[in-house]
$ cat entry_4.cif   # mmCIF, N, CA and C atoms and all ligand atoms
data_structure
loop_
_atom_site.label_atom_id
_atom_site.label_comp_id
_atom_site.auth_asym_id
_atom_site.auth_seq_id
_atom_site.Cartn_x
_atom_site.Cartn_y
_atom_site.Cartn_z
N MET A 146 1.69 15.10 5.76
CA MET A 146 1.57 14.20 4.60
C MET A 146 1.46 12.74 5.09
N SER A 147 0.57 11.96 4.48
CA SER A 147 0.41 10.57 4.92
C SER A 147 1.62 9.73 4.47
N GLU A 148 1.77 8.57 5.11
CA GLU A 148 2.87 7.66 4.74
C GLU A 148 2.78 7.33 3.26
N SER A 149 1.55 7.04 2.82
CA SER A 149 1.34 6.60 1.44
C SER A 149 1.65 7.71 0.43
N ALA A 150 1.40 8.97 0.81
CA ALA A 150 1.63 10.09 -0.11
C ALA A 150 3.11 10.25 -0.44
N LYS A 151 3.97 9.96 0.53
CA LYS A 151 5.41 10.16 0.28
C LYS A 151 6.14 8.86 -0.06
N CYS A 152 5.42 7.73 -0.02
CA CYS A 152 6.07 6.43 -0.24
C CYS A 152 6.33 6.18 -1.73
N ILE A 153 7.57 5.82 -2.05
CA ILE A 153 7.96 5.65 -3.47
C ILE A 153 7.21 4.49 -4.13
N PHE A 154 6.94 3.41 -3.39
CA PHE A 154 6.22 2.29 -4.01
C PHE A 154 4.73 2.62 -4.17
N CYS A 155 4.16 3.41 -3.27
CA CYS A 155 2.78 3.88 -3.48
C CYS A 155 2.72 4.78 -4.72
N LYS A 156 3.77 5.57 -4.93
CA LYS A 156 3.80 6.43 -6.13
C LYS A 156 3.83 5.56 -7.39
N ILE A 157 4.55 4.43 -7.33
CA ILE A 157 4.57 3.51 -8.48
C ILE A 157 3.17 2.91 -8.68
N VAL A 158 2.53 2.50 -7.58
CA VAL A 158 1.17 1.93 -7.68
C VAL A 158 0.22 2.94 -8.32
N ARG A 159 0.34 4.21 -7.92
CA ARG A 159 -0.57 5.25 -8.46
C ARG A 159 -0.20 5.68 -9.87
N GLY A 160 1.01 5.29 -10.32
CA GLY A 160 1.46 5.72 -11.65
C GLY A 160 2.08 7.11 -11.62
N ASP A 161 2.41 7.62 -10.43
CA ASP A 161 3.02 8.95 -10.32
C ASP A 161 4.48 8.93 -10.74
N ILE A 162 5.14 7.77 -10.56
CA ILE A 162 6.49 7.61 -11.09
C ILE A 162 6.54 6.29 -11.88
N PRO A 163 7.41 6.23 -12.89
CA PRO A 163 7.42 5.03 -13.75
C PRO A 163 8.09 3.83 -13.09
N ALA A 164 7.70 2.65 -13.56
CA ALA A 164 8.36 1.41 -13.16
C ALA A 164 8.14 0.42 -14.29
N VAL A 165 9.05 -0.54 -14.40
CA VAL A 165 8.88 -1.59 -15.41
C VAL A 165 8.07 -2.70 -14.76
N LYS A 166 6.80 -2.77 -15.15
CA LYS A 166 5.88 -3.72 -14.51
C LYS A 166 5.91 -5.07 -15.21
N VAL A 167 5.76 -6.11 -14.40
CA VAL A 167 5.62 -7.46 -14.95
C VAL A 167 4.13 -7.79 -15.05
N ARG A 168 3.43 -7.57 -13.94
CA ARG A 168 2.02 -7.95 -13.91
C ARG A 168 1.39 -7.30 -12.68
N GLU A 169 0.09 -7.07 -12.76
CA GLU A 169 -0.60 -6.58 -11.57
C GLU A 169 -2.00 -7.16 -11.53
N ASP A 170 -2.55 -7.20 -10.31
CA ASP A 170 -3.96 -7.53 -10.17
C ASP A 170 -4.54 -6.50 -9.20
N GLU A 171 -5.73 -6.77 -8.71
CA GLU A 171 -6.39 -5.78 -7.84
C GLU A 171 -5.55 -5.41 -6.62
N ALA A 172 -4.87 -6.40 -6.06
CA ALA A 172 -4.24 -6.19 -4.75
C ALA A 172 -2.72 -6.17 -4.77
N THR A 173 -2.10 -6.67 -5.85
CA THR A 173 -0.63 -6.76 -5.86
C THR A 173 -0.03 -6.25 -7.16
N LEU A 174 1.23 -5.89 -7.09
CA LEU A 174 1.98 -5.43 -8.26
C LEU A 174 3.35 -6.11 -8.25
N VAL A 175 3.75 -6.60 -9.42
CA VAL A 175 5.08 -7.19 -9.60
C VAL A 175 5.83 -6.30 -10.58
N PHE A 176 7.02 -5.83 -10.19
CA PHE A 176 7.79 -4.96 -11.08
C PHE A 176 9.28 -5.23 -10.90
N MET A 177 10.06 -4.74 -11.86
CA MET A 177 11.50 -5.02 -11.85
C MET A 177 12.21 -4.07 -10.89
N ASP A 178 13.13 -4.64 -10.11
CA ASP A 178 13.97 -3.81 -9.23
C ASP A 178 14.87 -2.93 -10.10
N ILE A 179 14.90 -1.64 -9.76
CA ILE A 179 15.64 -0.67 -10.58
C ILE A 179 17.16 -0.89 -10.51
N GLN A 180 17.58 -1.48 -9.40
CA GLN A 180 19.03 -1.74 -9.19
C GLN A 180 19.20 -3.23 -8.84
N PRO A 181 19.10 -4.07 -9.87
CA PRO A 181 18.99 -5.51 -9.61
C PRO A 181 20.27 -6.14 -9.07
N ALA A 182 20.08 -7.08 -8.15
CA ALA A 182 21.20 -7.87 -7.64
C ALA A 182 21.65 -8.87 -8.71
N SER A 183 20.69 -9.32 -9.55
CA SER A 183 21.03 -10.17 -10.70
C SER A 183 19.97 -9.89 -11.78
N PRO A 184 20.25 -10.22 -13.04
CA PRO A 184 19.27 -9.95 -14.09
C PRO A 184 17.97 -10.71 -13.81
N GLY A 185 16.85 -9.97 -13.83
CA GLY A 185 15.55 -10.58 -13.56
C GLY A 185 15.02 -10.28 -12.17
N HIS A 186 15.84 -9.67 -11.31
CA HIS A 186 15.44 -9.33 -9.94
C HIS A 186 14.13 -8.53 -9.95
N ALA A 187 13.11 -9.10 -9.31
CA ALA A 187 11.77 -8.48 -9.30
C ALA A 187 11.29 -8.29 -7.87
N LEU A 188 10.31 -7.41 -7.72
CA LEU A 188 9.72 -7.13 -6.41
C LEU A 188 8.22 -7.37 -6.49
N VAL A 189 7.66 -7.91 -5.42
CA VAL A 189 6.21 -8.07 -5.31
C VAL A 189 5.75 -7.21 -4.13
N ILE A 190 4.74 -6.39 -4.38
CA ILE A 190 4.22 -5.53 -3.30
C ILE A 190 2.69 -5.60 -3.23
N PRO A 191 2.16 -5.32 -2.03
CA PRO A 191 0.71 -5.10 -1.95
C PRO A 191 0.41 -3.69 -2.44
N LYS A 192 -0.75 -3.48 -3.04
CA LYS A 192 -1.08 -2.13 -3.49
C LYS A 192 -1.45 -1.22 -2.32
N THR A 193 -1.92 -1.82 -1.25
CA THR A 193 -2.24 -1.04 -0.04
C THR A 193 -0.98 -0.85 0.78
N HIS A 194 -0.72 0.37 1.18
CA HIS A 194 0.52 0.67 1.92
C HIS A 194 0.56 -0.04 3.28
N ALA A 195 1.70 -0.70 3.53
CA ALA A 195 2.03 -1.21 4.86
C ALA A 195 3.55 -1.19 4.91
N ALA A 196 4.13 -0.73 5.99
CA ALA A 196 5.58 -0.51 6.02
C ALA A 196 6.36 -1.82 5.95
N ASP A 197 5.85 -2.84 6.63
CA ASP A 197 6.68 -4.05 6.80
C ASP A 197 5.81 -5.22 7.24
N LEU A 198 6.48 -6.32 7.58
CA LEU A 198 5.76 -7.54 7.99
C LEU A 198 4.94 -7.33 9.26
N TYR A 199 5.41 -6.42 10.12
CA TYR A 199 4.69 -6.17 11.37
C TYR A 199 3.35 -5.51 11.11
N GLU A 200 3.30 -4.69 10.05
CA GLU A 200 2.11 -3.86 9.79
C GLU A 200 1.12 -4.45 8.80
N ILE A 201 1.60 -5.28 7.89
CA ILE A 201 0.73 -5.70 6.78
C ILE A 201 -0.44 -6.53 7.30
N ALA A 202 -1.62 -6.28 6.74
CA ALA A 202 -2.80 -7.05 7.13
C ALA A 202 -2.64 -8.50 6.65
N GLU A 203 -3.15 -9.44 7.43
CA GLU A 203 -2.96 -10.86 7.11
C GLU A 203 -3.53 -11.20 5.73
N THR A 204 -4.65 -10.60 5.39
CA THR A 204 -5.24 -10.89 4.06
C THR A 204 -4.28 -10.44 2.95
N ASP A 205 -3.70 -9.25 3.10
CA ASP A 205 -2.75 -8.76 2.08
C ASP A 205 -1.50 -9.65 2.05
N LEU A 206 -1.05 -10.05 3.23
CA LEU A 206 0.14 -10.91 3.31
C LEU A 206 -0.09 -12.20 2.53
N ASN A 207 -1.26 -12.79 2.72
CA ASN A 207 -1.57 -14.05 2.03
C ASN A 207 -1.67 -13.86 0.52
N ILE A 208 -2.26 -12.74 0.12
CA ILE A 208 -2.40 -12.47 -1.32
C ILE A 208 -1.03 -12.22 -1.94
N VAL A 209 -0.18 -11.46 -1.24
CA VAL A 209 1.18 -11.20 -1.75
C VAL A 209 1.94 -12.52 -1.87
N THR A 210 1.79 -13.39 -0.87
CA THR A 210 2.51 -14.67 -0.89
C THR A 210 2.08 -15.52 -2.09
N ALA A 211 0.79 -15.49 -2.39
CA ALA A 211 0.30 -16.25 -3.56
C ALA A 211 0.90 -15.65 -4.84
N THR A 212 1.00 -14.33 -4.89
CA THR A 212 1.59 -13.69 -6.08
C THR A 212 3.08 -14.02 -6.18
N VAL A 213 3.76 -14.07 -5.04
CA VAL A 213 5.19 -14.43 -5.04
C VAL A 213 5.36 -15.83 -5.65
N GLN A 214 4.48 -16.75 -5.29
CA GLN A 214 4.60 -18.11 -5.84
C GLN A 214 4.39 -18.10 -7.35
N ARG A 215 3.38 -17.36 -7.82
CA ARG A 215 3.13 -17.31 -9.27
C ARG A 215 4.30 -16.65 -9.99
N ALA A 216 4.82 -15.57 -9.40
CA ALA A 216 5.95 -14.86 -10.02
C ALA A 216 7.18 -15.77 -10.08
N ALA A 217 7.40 -16.54 -9.01
CA ALA A 217 8.57 -17.42 -8.97
C ALA A 217 8.46 -18.52 -10.03
N ARG A 218 7.26 -19.06 -10.18
CA ARG A 218 7.06 -20.09 -11.21
C ARG A 218 7.31 -19.52 -12.61
N ALA A 219 6.79 -18.31 -12.85
CA ALA A 219 6.97 -17.67 -14.15
C ALA A 219 8.44 -17.34 -14.38
N MET A 220 9.11 -16.87 -13.34
CA MET A 220 10.54 -16.52 -13.45
C MET A 220 11.37 -17.77 -13.74
N ARG A 221 11.04 -18.86 -13.07
CA ARG A 221 11.77 -20.12 -13.30
C ARG A 221 11.61 -20.58 -14.74
N GLN A 222 10.37 -20.49 -15.24
CA GLN A 222 10.11 -20.91 -16.61
C GLN A 222 10.78 -19.98 -17.62
N ALA A 223 10.74 -18.68 -17.35
CA ALA A 223 11.24 -17.71 -18.34
C ALA A 223 12.75 -17.64 -18.35
N LEU A 224 13.37 -17.67 -17.18
CA LEU A 224 14.81 -17.37 -17.10
C LEU A 224 15.65 -18.60 -16.76
N ALA A 225 15.00 -19.67 -16.37
CA ALA A 225 15.70 -20.92 -16.03
C ALA A 225 16.90 -20.69 -15.10
N PRO A 226 16.71 -19.99 -13.98
CA PRO A 226 17.82 -19.84 -13.03
C PRO A 226 18.04 -21.17 -12.32
N ASP A 227 19.20 -21.32 -11.66
CA ASP A 227 19.44 -22.53 -10.88
C ASP A 227 18.63 -22.50 -9.58
N GLY A 228 18.31 -21.29 -9.13
CA GLY A 228 17.49 -21.12 -7.93
C GLY A 228 16.94 -19.71 -7.89
N ILE A 229 15.98 -19.48 -7.00
CA ILE A 229 15.44 -18.13 -6.81
C ILE A 229 15.52 -17.81 -5.32
N ARG A 230 16.21 -16.74 -5.01
CA ARG A 230 16.30 -16.32 -3.60
C ARG A 230 15.15 -15.36 -3.29
N ILE A 231 14.41 -15.66 -2.23
CA ILE A 231 13.32 -14.79 -1.78
C ILE A 231 13.81 -14.06 -0.53
N VAL A 232 13.75 -12.73 -0.58
CA VAL A 232 14.23 -11.92 0.56
C VAL A 232 13.15 -10.92 0.93
N GLN A 233 12.97 -10.74 2.22
CA GLN A 233 12.00 -9.74 2.69
C GLN A 233 12.61 -9.08 3.93
N THR A 234 12.79 -7.77 3.88
CA THR A 234 13.52 -7.06 4.93
C THR A 234 12.56 -6.26 5.83
N ASN A 235 12.87 -6.22 7.12
CA ASN A 235 12.07 -5.46 8.08
C ASN A 235 13.01 -4.63 8.96
N GLY A 236 13.01 -3.31 8.73
CA GLY A 236 13.86 -2.42 9.51
C GLY A 236 15.20 -2.19 8.83
N ALA A 237 15.73 -0.98 9.05
CA ALA A 237 16.99 -0.60 8.42
C ALA A 237 18.12 -1.56 8.78
N ALA A 238 18.09 -2.07 10.01
CA ALA A 238 19.16 -2.98 10.45
C ALA A 238 19.15 -4.28 9.65
N ALA A 239 17.98 -4.62 9.09
CA ALA A 239 17.86 -5.83 8.26
C ALA A 239 18.13 -5.53 6.79
N GLY A 240 18.43 -4.27 6.50
CA GLY A 240 18.72 -3.89 5.12
C GLY A 240 17.55 -3.26 4.40
N GLN A 241 16.45 -3.00 5.11
CA GLN A 241 15.29 -2.39 4.44
C GLN A 241 15.59 -0.93 4.11
N THR A 242 15.33 -0.57 2.87
CA THR A 242 15.56 0.82 2.45
C THR A 242 14.28 1.49 1.97
N VAL A 243 13.28 0.68 1.58
CA VAL A 243 11.97 1.23 1.19
C VAL A 243 10.94 0.68 2.15
N PHE A 244 10.23 1.59 2.81
CA PHE A 244 9.37 1.17 3.92
C PHE A 244 7.91 0.98 3.46
N HIS A 245 7.80 0.16 2.43
CA HIS A 245 6.51 -0.36 1.94
C HIS A 245 6.79 -1.85 1.73
N TYR A 246 6.01 -2.70 2.40
CA TYR A 246 6.27 -4.15 2.38
C TYR A 246 6.55 -4.64 0.95
N HIS A 247 7.61 -5.40 0.79
CA HIS A 247 7.94 -5.95 -0.52
C HIS A 247 8.73 -7.23 -0.36
N VAL A 248 8.59 -8.09 -1.35
CA VAL A 248 9.33 -9.35 -1.38
C VAL A 248 10.21 -9.34 -2.62
N HIS A 249 11.51 -9.59 -2.41
CA HIS A 249 12.47 -9.67 -3.53
C HIS A 249 12.45 -11.09 -4.09
N LEU A 250 12.48 -11.20 -5.43
CA LEU A 250 12.74 -12.49 -6.10
C LEU A 250 14.02 -12.30 -6.90
N ILE A 251 15.06 -13.02 -6.49
CA ILE A 251 16.38 -12.82 -7.10
C ILE A 251 16.82 -14.13 -7.77
N PRO A 252 16.84 -14.14 -9.11
CA PRO A 252 17.30 -15.35 -9.80
C PRO A 252 18.77 -15.60 -9.48
N MET A 253 19.11 -16.86 -9.18
CA MET A 253 20.48 -17.19 -8.77
C MET A 253 21.07 -18.23 -9.72
N ARG A 254 22.35 -18.11 -9.93
CA ARG A 254 23.11 -19.11 -10.69
C ARG A 254 23.99 -19.87 -9.73
N GLU A 255 24.22 -21.14 -10.03
CA GLU A 255 25.09 -21.99 -9.22
C GLU A 255 26.41 -21.28 -8.91
N GLY A 256 26.78 -21.26 -7.64
CA GLY A 256 28.08 -20.71 -7.26
C GLY A 256 28.12 -19.20 -7.12
N GLN A 257 27.00 -18.52 -7.44
CA GLN A 257 26.96 -17.07 -7.40
C GLN A 257 26.91 -16.58 -5.95
N LYS A 258 27.69 -15.56 -5.63
CA LYS A 258 27.62 -14.96 -4.30
C LYS A 258 27.07 -13.55 -4.45
N LEU A 259 25.81 -13.38 -4.03
CA LEU A 259 25.14 -12.10 -4.24
C LEU A 259 24.52 -11.59 -2.96
N GLY A 260 24.49 -10.26 -2.80
CA GLY A 260 23.70 -9.66 -1.75
C GLY A 260 22.29 -9.42 -2.27
N THR A 261 21.49 -8.73 -1.47
CA THR A 261 20.11 -8.43 -1.89
C THR A 261 20.08 -7.22 -2.81
N HIS A 262 21.09 -6.36 -2.68
CA HIS A 262 21.08 -5.11 -3.44
C HIS A 262 22.14 -5.12 -4.53
N GLY A 263 21.73 -4.64 -5.72
CA GLY A 263 22.68 -4.49 -6.81
C GLY A 263 23.54 -3.26 -6.62
N ARG A 264 24.54 -3.12 -7.48
CA ARG A 264 25.48 -2.00 -7.31
C ARG A 264 25.18 -0.83 -8.23
N ALA A 265 24.42 -1.08 -9.31
CA ALA A 265 24.19 -0.01 -10.29
C ALA A 265 22.79 -0.13 -10.88
N PRO A 266 22.20 1.01 -11.25
CA PRO A 266 20.87 0.96 -11.89
C PRO A 266 20.95 0.21 -13.22
N ALA A 267 19.89 -0.53 -13.52
CA ALA A 267 19.86 -1.29 -14.77
C ALA A 267 19.39 -0.41 -15.91
N ASP A 268 19.71 -0.85 -17.13
CA ASP A 268 19.21 -0.20 -18.33
C ASP A 268 17.71 -0.51 -18.46
N THR A 269 16.90 0.51 -18.68
CA THR A 269 15.44 0.32 -18.72
C THR A 269 15.02 -0.66 -19.81
N GLU A 270 15.69 -0.60 -20.96
CA GLU A 270 15.32 -1.52 -22.05
C GLU A 270 15.60 -2.97 -21.66
N ASP A 271 16.70 -3.19 -20.92
CA ASP A 271 17.00 -4.55 -20.44
C ASP A 271 15.92 -5.02 -19.47
N LEU A 272 15.50 -4.12 -18.57
CA LEU A 272 14.45 -4.47 -17.60
C LEU A 272 13.16 -4.81 -18.33
N LYS A 273 12.84 -4.03 -19.36
CA LYS A 273 11.59 -4.26 -20.11
C LYS A 273 11.63 -5.63 -20.79
N ALA A 274 12.79 -5.99 -21.34
CA ALA A 274 12.90 -7.28 -22.04
C ALA A 274 12.75 -8.44 -21.04
N LEU A 275 13.37 -8.31 -19.86
CA LEU A 275 13.25 -9.37 -18.85
C LEU A 275 11.82 -9.46 -18.33
N ALA A 276 11.19 -8.30 -18.10
CA ALA A 276 9.80 -8.28 -17.62
C ALA A 276 8.88 -8.96 -18.63
N ALA A 277 9.12 -8.69 -19.90
CA ALA A 277 8.27 -9.28 -20.96
C ALA A 277 8.42 -10.80 -20.96
N ARG A 278 9.65 -11.29 -20.77
CA ARG A 278 9.86 -12.75 -20.76
C ARG A 278 9.12 -13.39 -19.58
N ILE A 279 9.20 -12.76 -18.41
CA ILE A 279 8.52 -13.31 -17.23
C ILE A 279 7.00 -13.26 -17.43
N ARG A 280 6.53 -12.14 -17.97
CA ARG A 280 5.08 -11.97 -18.19
C ARG A 280 4.56 -13.02 -19.17
N GLU A 281 5.32 -13.24 -20.24
CA GLU A 281 4.88 -14.23 -21.25
C GLU A 281 4.78 -15.63 -20.64
N ALA A 282 5.76 -15.98 -19.82
CA ALA A 282 5.72 -17.30 -19.16
C ALA A 282 4.52 -17.37 -18.21
N TRP A 283 4.24 -16.28 -17.52
CA TRP A 283 3.15 -16.20 -16.56
C TRP A 283 1.81 -16.40 -17.26
N GLU A 284 1.66 -15.70 -18.37
CA GLU A 284 0.36 -15.69 -19.05
C GLU A 284 0.20 -16.85 -20.02
N GLY A 285 1.30 -17.62 -20.17
CA GLY A 285 1.26 -18.81 -21.02
C GLY A 285 1.06 -18.46 -22.46
P1 LIG B 301 14.94 -3.12 0.50
O1 LIG B 301 16.32 -2.53 0.55
O2 LIG B 301 13.97 -2.17 1.18
O3 LIG B 301 14.83 -4.53 0.94
O4 LIG B 301 14.57 -3.16 -1.05
C1 LIG B 301 14.15 -2.03 -1.77
C2 LIG B 301 14.46 -2.32 -3.22
O5 LIG B 301 13.75 -1.38 -4.00
C3 LIG B 301 15.95 -2.19 -3.60
O6 LIG B 301 16.41 -3.42 -4.14
C4 LIG B 301 15.96 -1.04 -4.61
O7 LIG B 301 16.88 -1.26 -5.66
C5 LIG B 301 14.53 -1.00 -5.10
N1 LIG B 301 14.08 0.34 -5.46
C6 LIG B 301 14.26 1.48 -4.75
N2 LIG B 301 13.67 2.52 -5.38
C7 LIG B 301 13.10 2.00 -6.50
C8 LIG B 301 12.35 2.59 -7.57
O8 LIG B 301 12.07 3.79 -7.61
N3 LIG B 301 11.94 1.75 -8.55
C9 LIG B 301 12.22 0.42 -8.55
N4 LIG B 301 11.76 -0.30 -9.56
N5 LIG B 301 12.92 -0.17 -7.56
C10 LIG B 301 13.36 0.62 -6.55
ZN ZN B 302 3.62 2.68 0.20
#

$ encode --input "entry_4.cif" --output "structure tokens"
Amino acid sequence: MSESAKCIFCKIVRGDIPAVKVREDEATLVFMDIQPASPGHALVIPKTHAADLYEIAETDLNIVTATVQRAARAMRQALAPDGIRIVQTNGAAAGQTVFHYHVHLIPMREGQKLGTHGRAPADTEDLKALAARIREAWEG
């Protein structure tokens, strides 16, 4: 079986498993983290499978980075966090648990002490409401 066939984020890209999507274009997908570190925690991925920063093609990396900037601007406008933490993990020792390149956007509040991973799965309706707010800010 190919890497992409068994990869959970490739399954989301193909629509084989559900995800609460914020926005997508030809090359990237933005969706809500199922186990958010804070409300609004979103992930940006390339649609083409690459395990990590070492593997991703430079063109995809640049496109993902541009999407991260747009997502961060929309998140700031929609949720008005005090800051947004951007995290990208490479290798299990760095905390990577899904081996398809992804960038975390974690809205932060002043004084908050958070890791990259949440402790419990979020309610799907809550994720949908947050995704809609970010999408509306994005699309103006
Ligand atoms: P990593 O630990 O690799 O840096 O981040 C992987 C992230 O993907 C975690 O924050 C985890 O909660 C999230 N995640 C894992 N499986 C799924 C899934 O099936 N759907 C969604 N939306 N997020 C997932
Ligand atoms: Zn994949």

$ closest_residue --input "entry_4.cif" --among "A:Ala164, A:Pro252, A:Lys192, A:His186" --to "Gln222 of chain A" --atoms "only C-alpha atoms"
A:Pro252

$ residues_near_ligand --input "entry_4.cif" --ligand "ligand ZN 302 (chain B)" --cutoff "6.5 Å" --atoms "all atoms listed in the file" --output "list in words"
Glu148, Ser149, Cys152, Ile153, Phe154, Cys155, Lys156, Thr193, His194, Ala195, Phe244, His245 and Tyr246 of chain A

$ closest_atom_pairs --input "entry_4.cif" --of "segment 262-285 of chain A" --to "segment 169-177 of chain A" --cutoff "10 Å" --atoms "only C-alpha atoms" --output "tab-separated table"
residue	atom	partner	partner_atom	distance
A:Ala267	CA	A:Met177	CA	9.6
A:Thr269	CA	A:Met177	CA	9.6
A:Leu272	CA	A:Met177	CA	6.5
A:Lys273	CA	A:Met177	CA	8.3
A:Leu275	CA	A:Met177	CA	8.4
A:Ala276	CA	A:Met177	CA	6.8
A:Arg280	CA	A:Val175	CA	9.8

$ residues_near_ligand --input "entry_4.cif" --ligand "ligand LIG 301 (chain B)" --cutoff "10 Å" --atoms "only C-alpha atoms and all ligand atoms" --output "ChimeraX atom specification"
/A:152-154,156-157,162-166,175-182,186-188,196-197,232-237,239-251,260-267,269,272

$ select_by_dssp --input "entry_4.cif" --residues "segment 148-284 of chain A" --states "helix (DSSP H, G or I)" --output "PyMOL selection string"
chain A and resi 148-151+153-159+203-224+237-239+269-284

$ axis_aligned_box --input "entry_4.cif" --around "segment 212-231 of chain A" --padding-each-side "5 Å" --output "AutoDock Vina command-line options"
--center_x 10.2 --center_y -18.1 --center_z -9.4 --size_x 28.4 --size_y 18.8 --size_z 27.8

$ closest_residue --input "entry_4.cif" --among "A:Leu224, A:Ile201, A:Leu259, A:Ala219" --to "Ser183 of chain A" --atoms "only C-alpha atoms"
A:Leu259

$ select_by_dssp --input "entry_4.cif" --residues "chain A" --states "strand (DSSP E or B)" --output "list in words"
Lys166, Val167, Arg168, Glu169, Thr173, Leu174, Val175, Phe176, Met177, Ala187, Leu188, Val189, Ile190, Pro191, Gly228, Ile229, Arg230, Ile231, Val232, Val248, His249, Leu250, Ile251, Pro252 and Met253 of chain A

$ closest_residue --input "entry_4.cif" --among "A:Val213, A:Met220, A:Asp161, A:Pro191" --to "Arg278 of chain A" --atoms "all atoms listed in the file"
A:Met220

$ atom_distance --input "entry_4.cif" --atom1 "atom C of Glu281 of chain A" --atom2 "atom N of Ile208 of chain A"
22.1 Å

$ atom_distance --input "entry_4.cif" --atom1 "atom N of Ile229 of chain A" --atom2 "atom C of Ala216 of chain A"
10.0 Å

$ atom_distance --input "entry_4.cif" --atom1 "atom CA of Val189 of chain A" --atom2 "atom CA of Thr212 of chain A"
7.3 Å

$ residues_around --input "entry_4.cif" --residues "Arg218 of chain A" --least-positions-apart "5" --cutoff "9 Å" --atoms "only C-alpha atoms" --output "short mmCIF file (atom, residue, chain, number, x, y, z; two decimals) with N, CA and C atoms, in the coordinates of the input"
data_model
loop_
_atom_site.label_atom_id
_atom_site.label_comp_id
_atom_site.auth_asym_id
_atom_site.auth_seq_id
_atom_site.Cartn_x
_atom_site.Cartn_y
_atom_site.Cartn_z
N VAL A 213 3.76 -14.07 -5.04
CA VAL A 213 5.19 -14.43 -5.04
C VAL A 213 5.36 -15.83 -5.65
N ALA A 223 10.74 -18.68 -17.35
CA ALA A 223 11.24 -17.71 -18.34
C ALA A 223 12.75 -17.64 -18.35
N ALA A 282 5.76 -15.98 -19.82
CA ALA A 282 5.72 -17.30 -19.16
C ALA A 282 4.52 -17.37 -18.21
N TRP A 283 4.24 -16.28 -17.52
CA TRP A 283 3.15 -16.20 -16.56
C TRP A 283 1.81 -16.40 -17.26
#

$ residues_around --input "entry_4.cif" --residues "Met253 of chain A" --least-positions-apart "2" --cutoff "6 Å" --atoms "only N, CA and C atoms" --output "list in words"
Pro226, Asp227, Gly228, Ile229, Arg230, Ile251 and Glu255 of chain A

$ closest_residue --input "entry_4.cif" --among "A:Ala277, A:Ile190, A:Gly285, A:Gly185" --to "Val209 of chain A" --atoms "all atoms listed in the file"
A:Ile190

$ closest_residue --input "entry_4.cif" --among "A:Leu206, A:Ile231, A:Val167, A:Ala238" --to "Ile279 of chain A" --atoms "only N, CA and C atoms"
A:Val167
